[in-house]
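Working notes for the structure below.
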Amino acid sequence: MAWLKVDPMEQRVQFVLKAKQKIESMAALCRQFGISRKTGYKWRHRFGTHGLPGLRDRPRRPHHCPRQTSAVWVQRIVQLRSQYPHWGSKKLRVLLQRRTGPSPAVPARSTIWRIVRRQGLSQPAKRRRGRTVLVGVSLRKARRANAVWAVDFKGRFRTRDGRWCEPLTVSDVASRYVLAVQALLTQRVEPTQRAFAKLFARRGLPECIRCDNGGPFASTGAGGLSRLSAWWQQLGIQVQWITPGHPEQNAVHERMHRTLKQETTRPPAPTRQAQQRRFDQWRHQFNQVRPHEALRMHVPAQHYQRSPRRYPKRLPAVSYPTAYARRRVRSNGQIKWCGRKHFLGQALVGMSVGIKSVSVGRHEVYFGLVLLGELRDNGSRGVHAVITRPRANGATGSSPLGGRKEPTKKV
């Protein structure tokens, strides 16, 4: 035998209909239905006032809550979230405090986020894979502004007119300040170098530039240098390449790319010029308005200042110790040593290299402090590389001060 199912609504209807007939007393009728006389009079009164709808359960929510967030704050939060749809509750609360002052009436982070979700202004986050932890990689610490700049191309896409756009991005790692987002047509060396020349003239020179191993920042030639990174080295900027296939070593810059993509390229602008205006507006907002958690909710502009190292009007010559022999790289990428021609690569055309004799028949070739490889009097007409790819800590071989070298390999 199945259990009897009792519907409270049906029971109330039966009760009020019998109470209306007045066949039995209210006390007997309440005992029959197992309720108190107070409850019985309540349902009879509601039925007489509102009819059948009055027998439904009413919400138990109080008519007034003294701790409820006021409609003014809800409106401010909704407007702010609509203006910055990718900001979380931390950043929204900081911006509310800036506009209204450090008042204790500013809602808490949890309250702000509940209001955002209640208003349908949030989307569930996609499930992300576990973070890869890399052990034993030494990268230069960015302890102050202009100590390390991170550079990269965000990844090309087409604007709505069908043309390609290659955003070149540059940021200061210590202050998180975005120095440039330049919408280029291509990743070739010439337009990239012109963009950096304008940036150096405006912001000064950094101590170090961190980049990946792709073009135009690196090559497979001697020392891993490209024409662009060789130019950086000639300006006295250390070049620091990350390990191939490990973008998490440049995590600060990659995280900035995620925000840039969310807020400027979905959807892309009609033209490349319009996309550049969108990039400029976003960069101002990122540097001047958006709070950053790594900076204790300050904006990057509060922690960045121009580099004291000025961009020279004339490219300085690379200096070498007096014991080094100097050779100029010819237009075909070769140098002449001991009556023989040796190929170094097109990246160093027109620049001077230093040659240090280390033993009989063996000579090390340097470009500044970068060890390009070894020349051997009894070897082939090439350069034997000491390190075939740049290291993650920025070193590309032994310095003129000495140090352990890796196994050699011919370039």
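We name chains A, B, ... following the order of the structure tokens; residues begin at 1 in each chain, and ligands are numbered from 1 as shown.
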Polymer residues at most 12 Å from Gln75 (chain A), only C-alpha atoms, same-chain spacing of 3 or more positions, as a list in words: Thr69, Ser70, Ala71, Val72, Val78, Gln79, Leu80, Arg81, Ser82, Leu96, Ile112, Ile115, Val116 and Gln119 of chain A
For the residues in that selection, give me N, CA, C and O atoms as a PDB file, in the first residue's frame.
```
ATOM      1  N   THR A  69      21.427  46.457   1.366  1.00  0.00           N
ATOM      2  CA  THR A  69      22.141  47.442   0.559  1.00  0.00           C
ATOM      3  C   THR A  69      21.139  48.365  -0.114  1.00  0.00           C
ATOM      4  O   THR A  69      20.169  47.911  -0.729  1.00  0.00           O
ATOM      5  N   SER A  70      21.389  49.648  -0.001  1.00  0.00           N
ATOM      6  CA  SER A  70      20.443  50.616  -0.530  1.00  0.00           C
ATOM      7  C   SER A  70      20.424  50.575  -2.055  1.00  0.00           C
ATOM      8  O   SER A  70      21.370  50.134  -2.710  1.00  0.00           O
ATOM      9  N   ALA A  71      19.325  51.072  -2.607  1.00  0.00           N
ATOM     10  CA  ALA A  71      19.170  51.081  -4.064  1.00  0.00           C
ATOM     11  C   ALA A  71      20.206  51.990  -4.726  1.00  0.00           C
ATOM     12  O   ALA A  71      20.596  51.761  -5.880  1.00  0.00           O
ATOM     13  N   VAL A  72      20.684  53.012  -4.010  1.00  0.00           N
ATOM     14  CA  VAL A  72      21.702  53.908  -4.570  1.00  0.00           C
ATOM     15  C   VAL A  72      22.995  53.152  -4.828  1.00  0.00           C
ATOM     16  O   VAL A  72      23.610  53.282  -5.888  1.00  0.00           O
ATOM     17  N   VAL A  78      26.015  48.567 -10.407  1.00  0.00           N
ATOM     18  CA  VAL A  78      25.584  48.114 -11.735  1.00  0.00           C
ATOM     19  C   VAL A  78      26.189  49.005 -12.817  1.00  0.00           C
ATOM     20  O   VAL A  78      26.673  48.514 -13.849  1.00  0.00           O
ATOM     21  N   GLN A  79      26.198  50.314 -12.615  1.00  0.00           N
ATOM     22  CA  GLN A  79      26.784  51.222 -13.600  1.00  0.00           C
ATOM     23  C   GLN A  79      28.283  50.980 -13.758  1.00  0.00           C
ATOM     24  O   GLN A  79      28.810  50.982 -14.872  1.00  0.00           O
ATOM     25  N   LEU A  80      28.973  50.751 -12.638  1.00  0.00           N
ATOM     26  CA  LEU A  80      30.411  50.540 -12.691  1.00  0.00           C
ATOM     27  C   LEU A  80      30.760  49.219 -13.376  1.00  0.00           C
ATOM     28  O   LEU A  80      31.694  49.144 -14.173  1.00  0.00           O
ATOM     29  N   ARG A  81      29.999  48.177 -13.055  1.00  0.00           N
ATOM     30  CA  ARG A  81      30.244  46.878 -13.690  1.00  0.00           C
ATOM     31  C   ARG A  81      29.935  46.933 -15.188  1.00  0.00           C
ATOM     32  O   ARG A  81      30.621  46.313 -16.005  1.00  0.00           O
ATOM     33  N   SER A  82      28.911  47.692 -15.567  1.00  0.00           N
ATOM     34  CA  SER A  82      28.590  47.837 -16.985  1.00  0.00           C
ATOM     35  C   SER A  82      29.688  48.601 -17.712  1.00  0.00           C
ATOM     36  O   SER A  82      29.971  48.328 -18.881  1.00  0.00           O
ATOM     37  N   LEU A  96      34.929  52.458  -6.243  1.00  0.00           N
ATOM     38  CA  LEU A  96      33.843  53.078  -5.478  1.00  0.00           C
ATOM     39  C   LEU A  96      34.392  53.931  -4.341  1.00  0.00           C
ATOM     40  O   LEU A  96      33.881  55.025  -4.065  1.00  0.00           O
ATOM     41  N   ILE A 112      29.225  43.216  -3.136  1.00  0.00           N
ATOM     42  CA  ILE A 112      29.309  43.714  -4.507  1.00  0.00           C
ATOM     43  C   ILE A 112      29.171  42.577  -5.510  1.00  0.00           C
ATOM     44  O   ILE A 112      28.452  42.684  -6.501  1.00  0.00           O
ATOM     45  N   ILE A 115      25.597  41.294  -5.760  1.00  0.00           N
ATOM     46  CA  ILE A 115      24.766  42.199  -6.555  1.00  0.00           C
ATOM     47  C   ILE A 115      25.058  42.024  -8.041  1.00  0.00           C
ATOM     48  O   ILE A 115      24.142  42.008  -8.876  1.00  0.00           O
ATOM     49  N   VAL A 116      26.336  41.868  -8.394  1.00  0.00           N
ATOM     50  CA  VAL A 116      26.708  41.668  -9.796  1.00  0.00           C
ATOM     51  C   VAL A 116      26.069  40.396 -10.349  1.00  0.00           C
ATOM     52  O   VAL A 116      25.509  40.387 -11.451  1.00  0.00           O
ATOM     53  N   GLN A 119      22.223  40.689 -10.698  1.00  0.00           N
ATOM     54  CA  GLN A 119      21.805  41.501 -11.837  1.00  0.00           C
ATOM     55  C   GLN A 119      22.152  40.852 -13.178  1.00  0.00           C
ATOM     56  O   GLN A 119      21.912  41.446 -14.224  1.00  0.00           O
TER      57      GLN A 119
END
```
Shell around Arg306 (chain A) at 12 Å using only C-alpha atoms, local window under 4 positions removed, as a list in words: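 The filter keeps Arg144, Ala145, Asn146, Ala147, Asp172, Ser175, Tyr177, Leu179, Leu199, Phe200, Ala201, Arg202, Arg203, Gly204, Leu205, Pro206, Ala301, Gln302, Arg310 and Tyr311 of chain A.
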Shortest interatomic distance to Arg99 (chain A) - which of A:Ala195, A:Leu168, A:Ala28, A:Val289, counting only C-alpha atoms: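 Between A:Ala195, A:Leu168, A:Ala28, A:Val289, the residue approaching Arg99 (chain A) most closely is A:Val289.
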Exercise: Arg12 (chain A) partners within 10 Å, only C-alpha atoms, chain neighbours under 6 positions left out, as a PyMOL selection string: chain A and resi 18+33+40+43-44+47+52+55-56
DSSP-assigned alpha helix (DSSP H) among region 8-120 of chain A, expressed as a ChimeraX atom specification: /A:8-21,26-33,37-50,71-83,89-100,109-118
Please write the residues from the selection above to a file, keeping C-alpha atoms, as a PDB file, in the first residue's frame.
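What ended up in part_34.pdb:
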```pdb
ATOM      1  CA  PRO A   8      -1.593  21.390   2.225  1.00  0.00           C
ATOM      2  CA  MET A   9      -3.566  23.509  -0.273  1.00  0.00           C
ATOM      3  CA  GLU A  10      -6.292  20.849  -0.571  1.00  0.00           C
ATOM      4  CA  GLN A  11      -6.489  20.511   3.212  1.00  0.00           C
ATOM      5  CA  ARG A  12      -6.942  24.246   3.631  1.00  0.00           C
ATOM      6  CA  VAL A  13      -9.681  24.363   0.977  1.00  0.00           C
ATOM      7  CA  GLN A  14     -11.580  21.524   2.700  1.00  0.00           C
ATOM      8  CA  PHE A  15     -11.171  23.251   6.058  1.00  0.00           C
ATOM      9  CA  VAL A  16     -12.501  26.659   4.983  1.00  0.00           C
ATOM     10  CA  LEU A  17     -15.434  25.100   3.074  1.00  0.00           C
ATOM     11  CA  LYS A  18     -16.522  23.142   6.157  1.00  0.00           C
ATOM     12  CA  ALA A  19     -15.976  26.188   8.351  1.00  0.00           C
ATOM     13  CA  LYS A  20     -18.203  28.208   5.999  1.00  0.00           C
ATOM     14  CA  GLN A  21     -21.063  25.642   6.327  1.00  0.00           C
ATOM     15  CA  MET A  26     -14.498  25.753  15.158  1.00  0.00           C
ATOM     16  CA  ALA A  27     -12.864  23.812  18.022  1.00  0.00           C
ATOM     17  CA  ALA A  28     -14.144  20.435  16.710  1.00  0.00           C
ATOM     18  CA  LEU A  29     -13.178  21.295  13.166  1.00  0.00           C
ATOM     19  CA  CYS A  30      -9.644  22.269  14.207  1.00  0.00           C
ATOM     20  CA  ARG A  31      -9.233  19.006  16.138  1.00  0.00           C
ATOM     21  CA  GLN A  32     -10.374  17.083  13.067  1.00  0.00           C
ATOM     22  CA  PHE A  33      -7.677  18.695  10.875  1.00  0.00           C
ATOM     23  CA  ARG A  37      -7.868  27.343  16.693  1.00  0.00           C
ATOM     24  CA  LYS A  38      -5.574  30.324  16.039  1.00  0.00           C
ATOM     25  CA  THR A  39      -4.461  28.743  12.746  1.00  0.00           C
ATOM     26  CA  GLY A  40      -8.021  27.865  11.854  1.00  0.00           C
ATOM     27  CA  TYR A  41      -9.259  31.428  12.348  1.00  0.00           C
ATOM     28  CA  LYS A  42      -6.266  32.705  10.324  1.00  0.00           C
ATOM     29  CA  TRP A  43      -7.100  30.602   7.236  1.00  0.00           C
ATOM     30  CA  ARG A  44     -10.834  31.395   7.500  1.00  0.00           C
ATOM     31  CA  HIS A  45     -10.037  35.109   7.619  1.00  0.00           C
ATOM     32  CA  ARG A  46      -7.646  34.944   4.661  1.00  0.00           C
ATOM     33  CA  PHE A  47     -10.204  33.023   2.589  1.00  0.00           C
ATOM     34  CA  GLY A  48     -12.906  35.537   3.394  1.00  0.00           C
ATOM     35  CA  THR A  49     -10.620  38.446   2.459  1.00  0.00           C
ATOM     36  CA  HIS A  50      -8.648  37.158  -0.567  1.00  0.00           C
ATOM     37  CA  ALA A  71      19.170  51.081  -4.064  1.00  0.00           C
ATOM     38  CA  VAL A  72      21.702  53.908  -4.570  1.00  0.00           C
ATOM     39  CA  TRP A  73      24.641  51.566  -4.012  1.00  0.00           C
ATOM     40  CA  VAL A  74      23.077  48.896  -6.204  1.00  0.00           C
ATOM     41  CA  GLN A  75      22.729  51.443  -9.007  1.00  0.00           C
ATOM     42  CA  ARG A  76      26.349  52.589  -8.610  1.00  0.00           C
ATOM     43  CA  ILE A  77      27.639  49.008  -8.663  1.00  0.00           C
ATOM     44  CA  VAL A  78      25.584  48.114 -11.735  1.00  0.00           C
ATOM     45  CA  GLN A  79      26.784  51.222 -13.600  1.00  0.00           C
ATOM     46  CA  LEU A  80      30.411  50.540 -12.691  1.00  0.00           C
ATOM     47  CA  ARG A  81      30.244  46.878 -13.690  1.00  0.00           C
ATOM     48  CA  SER A  82      28.590  47.837 -16.985  1.00  0.00           C
ATOM     49  CA  GLN A  83      31.418  50.316 -17.620  1.00  0.00           C
ATOM     50  CA  SER A  89      34.690  42.900  -6.917  1.00  0.00           C
ATOM     51  CA  LYS A  90      38.112  43.981  -5.565  1.00  0.00           C
ATOM     52  CA  LYS A  91      38.713  46.503  -8.320  1.00  0.00           C
ATOM     53  CA  LEU A  92      35.094  47.712  -8.310  1.00  0.00           C
ATOM     54  CA  ARG A  93      35.228  48.375  -4.572  1.00  0.00           C
ATOM     55  CA  VAL A  94      38.490  50.335  -4.871  1.00  0.00           C
ATOM     56  CA  LEU A  95      36.975  52.498  -7.596  1.00  0.00           C
ATOM     57  CA  LEU A  96      33.843  53.078  -5.478  1.00  0.00           C
ATOM     58  CA  GLN A  97      36.050  54.208  -2.587  1.00  0.00           C
ATOM     59  CA  ARG A  98      37.904  56.631  -4.851  1.00  0.00           C
ATOM     60  CA  ARG A  99      34.670  58.219  -6.028  1.00  0.00           C
ATOM     61  CA  THR A 100      32.861  58.346  -2.672  1.00  0.00           C
ATOM     62  CA  ARG A 109      33.535  42.717  -1.788  1.00  0.00           C
ATOM     63  CA  SER A 110      31.182  39.780  -1.189  1.00  0.00           C
ATOM     64  CA  THR A 111      28.146  42.083  -1.286  1.00  0.00           C
ATOM     65  CA  ILE A 112      29.309  43.714  -4.507  1.00  0.00           C
ATOM     66  CA  TRP A 113      29.796  40.355  -6.175  1.00  0.00           C
ATOM     67  CA  ARG A 114      26.356  39.097  -5.029  1.00  0.00           C
ATOM     68  CA  ILE A 115      24.766  42.199  -6.555  1.00  0.00           C
ATOM     69  CA  VAL A 116      26.708  41.668  -9.796  1.00  0.00           C
ATOM     70  CA  ARG A 117      25.533  38.056 -10.030  1.00  0.00           C
ATOM     71  CA  ARG A 118      21.964  38.925  -9.031  1.00  0.00           C
TER      72      ARG A 118
END
```
Taking only residues of region 128-225 of chain A that have an atom at most 12 Å from an atom of region 352-375 of chain A, what is each one's shortest atom pair and its distance in Å to one decimal, using only C-alpha atoms, in chain and number order, as a Markdown table?
```
| residue | atom | partner | partner_atom | distance |
| --- | --- | --- | --- | --- |
| A:Thr220 | CA | A:Leu372 | CA | 11.6 |
| A:Gly221 | CA | A:Leu372 | CA | 8.9 |
| A:Ala222 | CA | A:Leu372 | CA | 5.1 |
| A:Gly223 | CA | A:Leu372 | CA | 4.5 |
| A:Gly224 | CA | A:Leu372 | CA | 8.3 |
| A:Leu225 | CA | A:Leu372 | CA | 8.9 |
```
Same residues, N, CA, C and O atoms, output as a PDB file, in the first residue's frame:
```pdb
ATOM      1  N   THR A 220      68.474  31.729 -35.007  1.00  0.00           N
ATOM      2  CA  THR A 220      69.268  30.512 -34.820  1.00  0.00           C
ATOM      3  C   THR A 220      70.740  30.758 -35.125  1.00  0.00           C
ATOM      4  O   THR A 220      71.531  29.815 -35.177  1.00  0.00           O
ATOM      5  N   GLY A 221      71.126  32.013 -35.324  1.00  0.00           N
ATOM      6  CA  GLY A 221      72.508  32.333 -35.635  1.00  0.00           C
ATOM      7  C   GLY A 221      73.388  32.364 -34.401  1.00  0.00           C
ATOM      8  O   GLY A 221      73.003  31.948 -33.299  1.00  0.00           O
ATOM      9  N   ALA A 222      74.592  32.884 -34.574  1.00  0.00           N
ATOM     10  CA  ALA A 222      75.580  32.924 -33.493  1.00  0.00           C
ATOM     11  C   ALA A 222      75.058  33.752 -32.326  1.00  0.00           C
ATOM     12  O   ALA A 222      74.596  34.876 -32.501  1.00  0.00           O
ATOM     13  N   GLY A 223      75.114  33.176 -31.130  1.00  0.00           N
ATOM     14  CA  GLY A 223      74.656  33.866 -29.937  1.00  0.00           C
ATOM     15  C   GLY A 223      73.165  33.987 -29.829  1.00  0.00           C
ATOM     16  O   GLY A 223      72.654  34.583 -28.872  1.00  0.00           O
ATOM     17  N   GLY A 224      72.392  33.459 -30.788  1.00  0.00           N
ATOM     18  CA  GLY A 224      70.953  33.593 -30.771  1.00  0.00           C
ATOM     19  C   GLY A 224      70.470  34.987 -31.099  1.00  0.00           C
ATOM     20  O   GLY A 224      69.292  35.288 -30.945  1.00  0.00           O
ATOM     21  N   LEU A 225      71.369  35.862 -31.572  1.00  0.00           N
ATOM     22  CA  LEU A 225      71.027  37.257 -31.806  1.00  0.00           C
ATOM     23  C   LEU A 225      70.330  37.457 -33.143  1.00  0.00           C
ATOM     24  O   LEU A 225      70.701  36.849 -34.143  1.00  0.00           O
TER      25      LEU A 225
END
```
Between CA of His86 (chain A) and CA of His303 (chain A) - distance in Å to one decimal: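 These two atoms are separated by 23.1 Å.
Near region 188-192 of chain A, within a cut-off of 8 Å and counting only C-alpha atoms, sit the residues Leu168, Leu184, Ala195, Phe196, Gly215, Pro216, Arg227 and Leu228 of chain A, with same-chain residues fewer than 3 positions away left out.
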So that I have them on file, write out the residues from the current selection with C-alpha atoms, as a PDB file, in the first residue's frame.
```pdb
ATOM      1  CA  LEU A 168      53.497  44.788 -30.379  1.00  0.00           C
ATOM      2  CA  LEU A 184      51.797  46.925 -36.651  1.00  0.00           C
ATOM      3  CA  ALA A 195      58.541  51.429 -32.840  1.00  0.00           C
ATOM      4  CA  PHE A 196      61.218  50.746 -30.210  1.00  0.00           C
ATOM      5  CA  GLY A 215      61.340  36.452 -34.503  1.00  0.00           C
ATOM      6  CA  PRO A 216      62.208  39.240 -34.612  1.00  0.00           C
ATOM      7  CA  ARG A 227      69.246  42.253 -35.876  1.00  0.00           C
ATOM      8  CA  LEU A 228      66.812  43.674 -33.331  1.00  0.00           C
TER       9      LEU A 228
END
```
Backbone DSSP call of strand (DSSP E or B) for region 224-352 of chain A, listed as a list of chain:residue names: A:Leu225, A:Gln238, A:Val239, A:Gln240, A:Trp241, A:His292, A:His298, A:Ala325, A:Arg326, A:Arg327, A:Arg328, A:Gln334, A:Ile335, A:Lys336, A:Trp337, A:Arg340, A:Lys341, A:His342, A:Phe343, A:Ser352
Just N, CA, C and O atoms for this one: save the residues we selected as a JSON list (two decimals), in the first residue's frame.
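Writing the result to selection07.json gives the following:
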```
[["chain", "number", "residue", "atom", "x", "y", "z"],
["A", 225, "LEU", "N", 71.37, 35.86, -31.57],
["A", 225, "LEU", "CA", 71.03, 37.26, -31.81],
["A", 225, "LEU", "C", 70.33, 37.46, -33.14],
["A", 225, "LEU", "O", 70.70, 36.85, -34.14],
["A", 238, "GLN", "N", 70.64, 44.56, -21.76],
["A", 238, "GLN", "CA", 70.80, 43.10, -21.69],
["A", 238, "GLN", "C", 69.54, 42.44, -22.24],
["A", 238, "GLN", "O", 68.42, 42.85, -21.94],
["A", 239, "VAL", "N", 69.71, 41.41, -23.04],
["A", 239, "VAL", "CA", 68.59, 40.67, -23.62],
["A", 239, "VAL", "C", 68.43, 39.36, -22.86],
["A", 239, "VAL", "O", 69.39, 38.61, -22.69],
["A", 240, "GLN", "N", 67.23, 39.10, -22.40],
["A", 240, "GLN", "CA", 66.94, 37.91, -21.59],
["A", 240, "GLN", "C", 65.86, 37.10, -22.29],
["A", 240, "GLN", "O", 64.71, 37.52, -22.38],
["A", 241, "TRP", "N", 66.24, 35.94, -22.85],
["A", 241, "TRP", "CA", 65.30, 35.06, -23.52],
["A", 241, "TRP", "C", 64.74, 34.04, -22.54],
["A", 241, "TRP", "O", 65.49, 33.48, -21.73],
["A", 292, "HIS", "N", 45.59, 47.34, -9.37],
["A", 292, "HIS", "CA", 46.33, 46.10, -9.60],
["A", 292, "HIS", "C", 46.62, 45.45, -8.25],
["A", 292, "HIS", "O", 47.16, 46.09, -7.35],
["A", 298, "HIS", "N", 47.02, 49.66, -6.02],
["A", 298, "HIS", "CA", 47.40, 50.93, -6.64],
["A", 298, "HIS", "C", 47.33, 50.77, -8.15],
["A", 298, "HIS", "O", 47.27, 49.66, -8.68],
["A", 325, "ALA", "N", 91.28, 41.66, -30.31],
["A", 325, "ALA", "CA", 91.37, 42.12, -31.69],
["A", 325, "ALA", "C", 89.96, 42.45, -32.18],
["A", 325, "ALA", "O", 88.99, 41.77, -31.81],
["A", 326, "ARG", "N", 89.83, 43.50, -32.96],
["A", 326, "ARG", "CA", 88.53, 43.94, -33.44],
["A", 326, "ARG", "C", 88.39, 43.62, -34.93],
["A", 326, "ARG", "O", 89.32, 43.80, -35.71],
["A", 327, "ARG", "N", 87.21, 43.15, -35.28],
["A", 327, "ARG", "CA", 86.90, 42.90, -36.69],
["A", 327, "ARG", "C", 85.49, 43.40, -36.98],
["A", 327, "ARG", "O", 84.58, 43.26, -36.17],
["A", 328, "ARG", "N", 85.31, 43.99, -38.16],
["A", 328, "ARG", "CA", 84.00, 44.49, -38.58],
["A", 328, "ARG", "C", 83.32, 43.44, -39.44],
["A", 328, "ARG", "O", 83.92, 42.88, -40.36],
["A", 334, "GLN", "N", 80.34, 37.97, -42.85],
["A", 334, "GLN", "CA", 81.61, 37.30, -42.59],
["A", 334, "GLN", "C", 82.61, 38.28, -41.96],
["A", 334, "GLN", "O", 82.50, 39.49, -42.10],
["A", 335, "ILE", "N", 83.58, 37.70, -41.26],
["A", 335, "ILE", "CA", 84.75, 38.44, -40.81],
["A", 335, "ILE", "C", 85.99, 37.72, -41.36],
["A", 335, "ILE", "O", 85.93, 36.52, -41.67],
["A", 336, "LYS", "N", 87.07, 38.44, -41.44],
["A", 336, "LYS", "CA", 88.33, 37.85, -41.92],
["A", 336, "LYS", "C", 89.28, 37.75, -40.74],
["A", 336, "LYS", "O", 89.55, 38.72, -40.04],
["A", 337, "TRP", "N", 89.82, 36.52, -40.53],
["A", 337, "TRP", "CA", 90.72, 36.28, -39.42],
["A", 337, "TRP", "C", 91.80, 35.31, -39.86],
["A", 337, "TRP", "O", 91.50, 34.22, -40.38],
["A", 340, "ARG", "N", 91.60, 33.94, -43.37],
["A", 340, "ARG", "CA", 90.45, 33.11, -43.73],
["A", 340, "ARG", "C", 89.16, 33.86, -43.38],
["A", 340, "ARG", "O", 89.11, 34.65, -42.44],
["A", 341, "LYS", "N", 88.10, 33.58, -44.12],
["A", 341, "LYS", "CA", 86.80, 34.20, -43.89],
["A", 341, "LYS", "C", 85.92, 33.26, -43.06],
["A", 341, "LYS", "O", 85.85, 32.07, -43.33],
["A", 342, "HIS", "N", 85.27, 33.85, -42.06],
["A", 342, "HIS", "CA", 84.40, 33.08, -41.16],
["A", 342, "HIS", "C", 83.03, 33.74, -41.10],
["A", 342, "HIS", "O", 82.92, 34.96, -40.92],
["A", 343, "PHE", "N", 81.99, 32.94, -41.22],
["A", 343, "PHE", "CA", 80.62, 33.46, -41.26],
["A", 343, "PHE", "C", 80.06, 33.57, -39.84],
["A", 343, "PHE", "O", 80.09, 32.62, -39.06],
["A", 352, "SER", "N", 81.02, 45.72, -35.00],
["A", 352, "SER", "CA", 82.35, 45.23, -34.66],
["A", 352, "SER", "C", 82.26, 44.14, -33.62],
["A", 352, "SER", "O", 81.45, 44.22, -32.68]]
```
d(CA of Gln285 (chain A), CA of Thr259 (chain A)) in Å: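 Result for CA of Gln285 (chain A) versus CA of Thr259 (chain A): 11.6 Å, one decimal.
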Length of the CA of Ala347 (chain A) to CA of Ala230 (chain A) vector [Å]: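 So the two atoms, CA of Ala347 (chain A) and CA of Ala230 (chain A), lie 6.8 Å apart.
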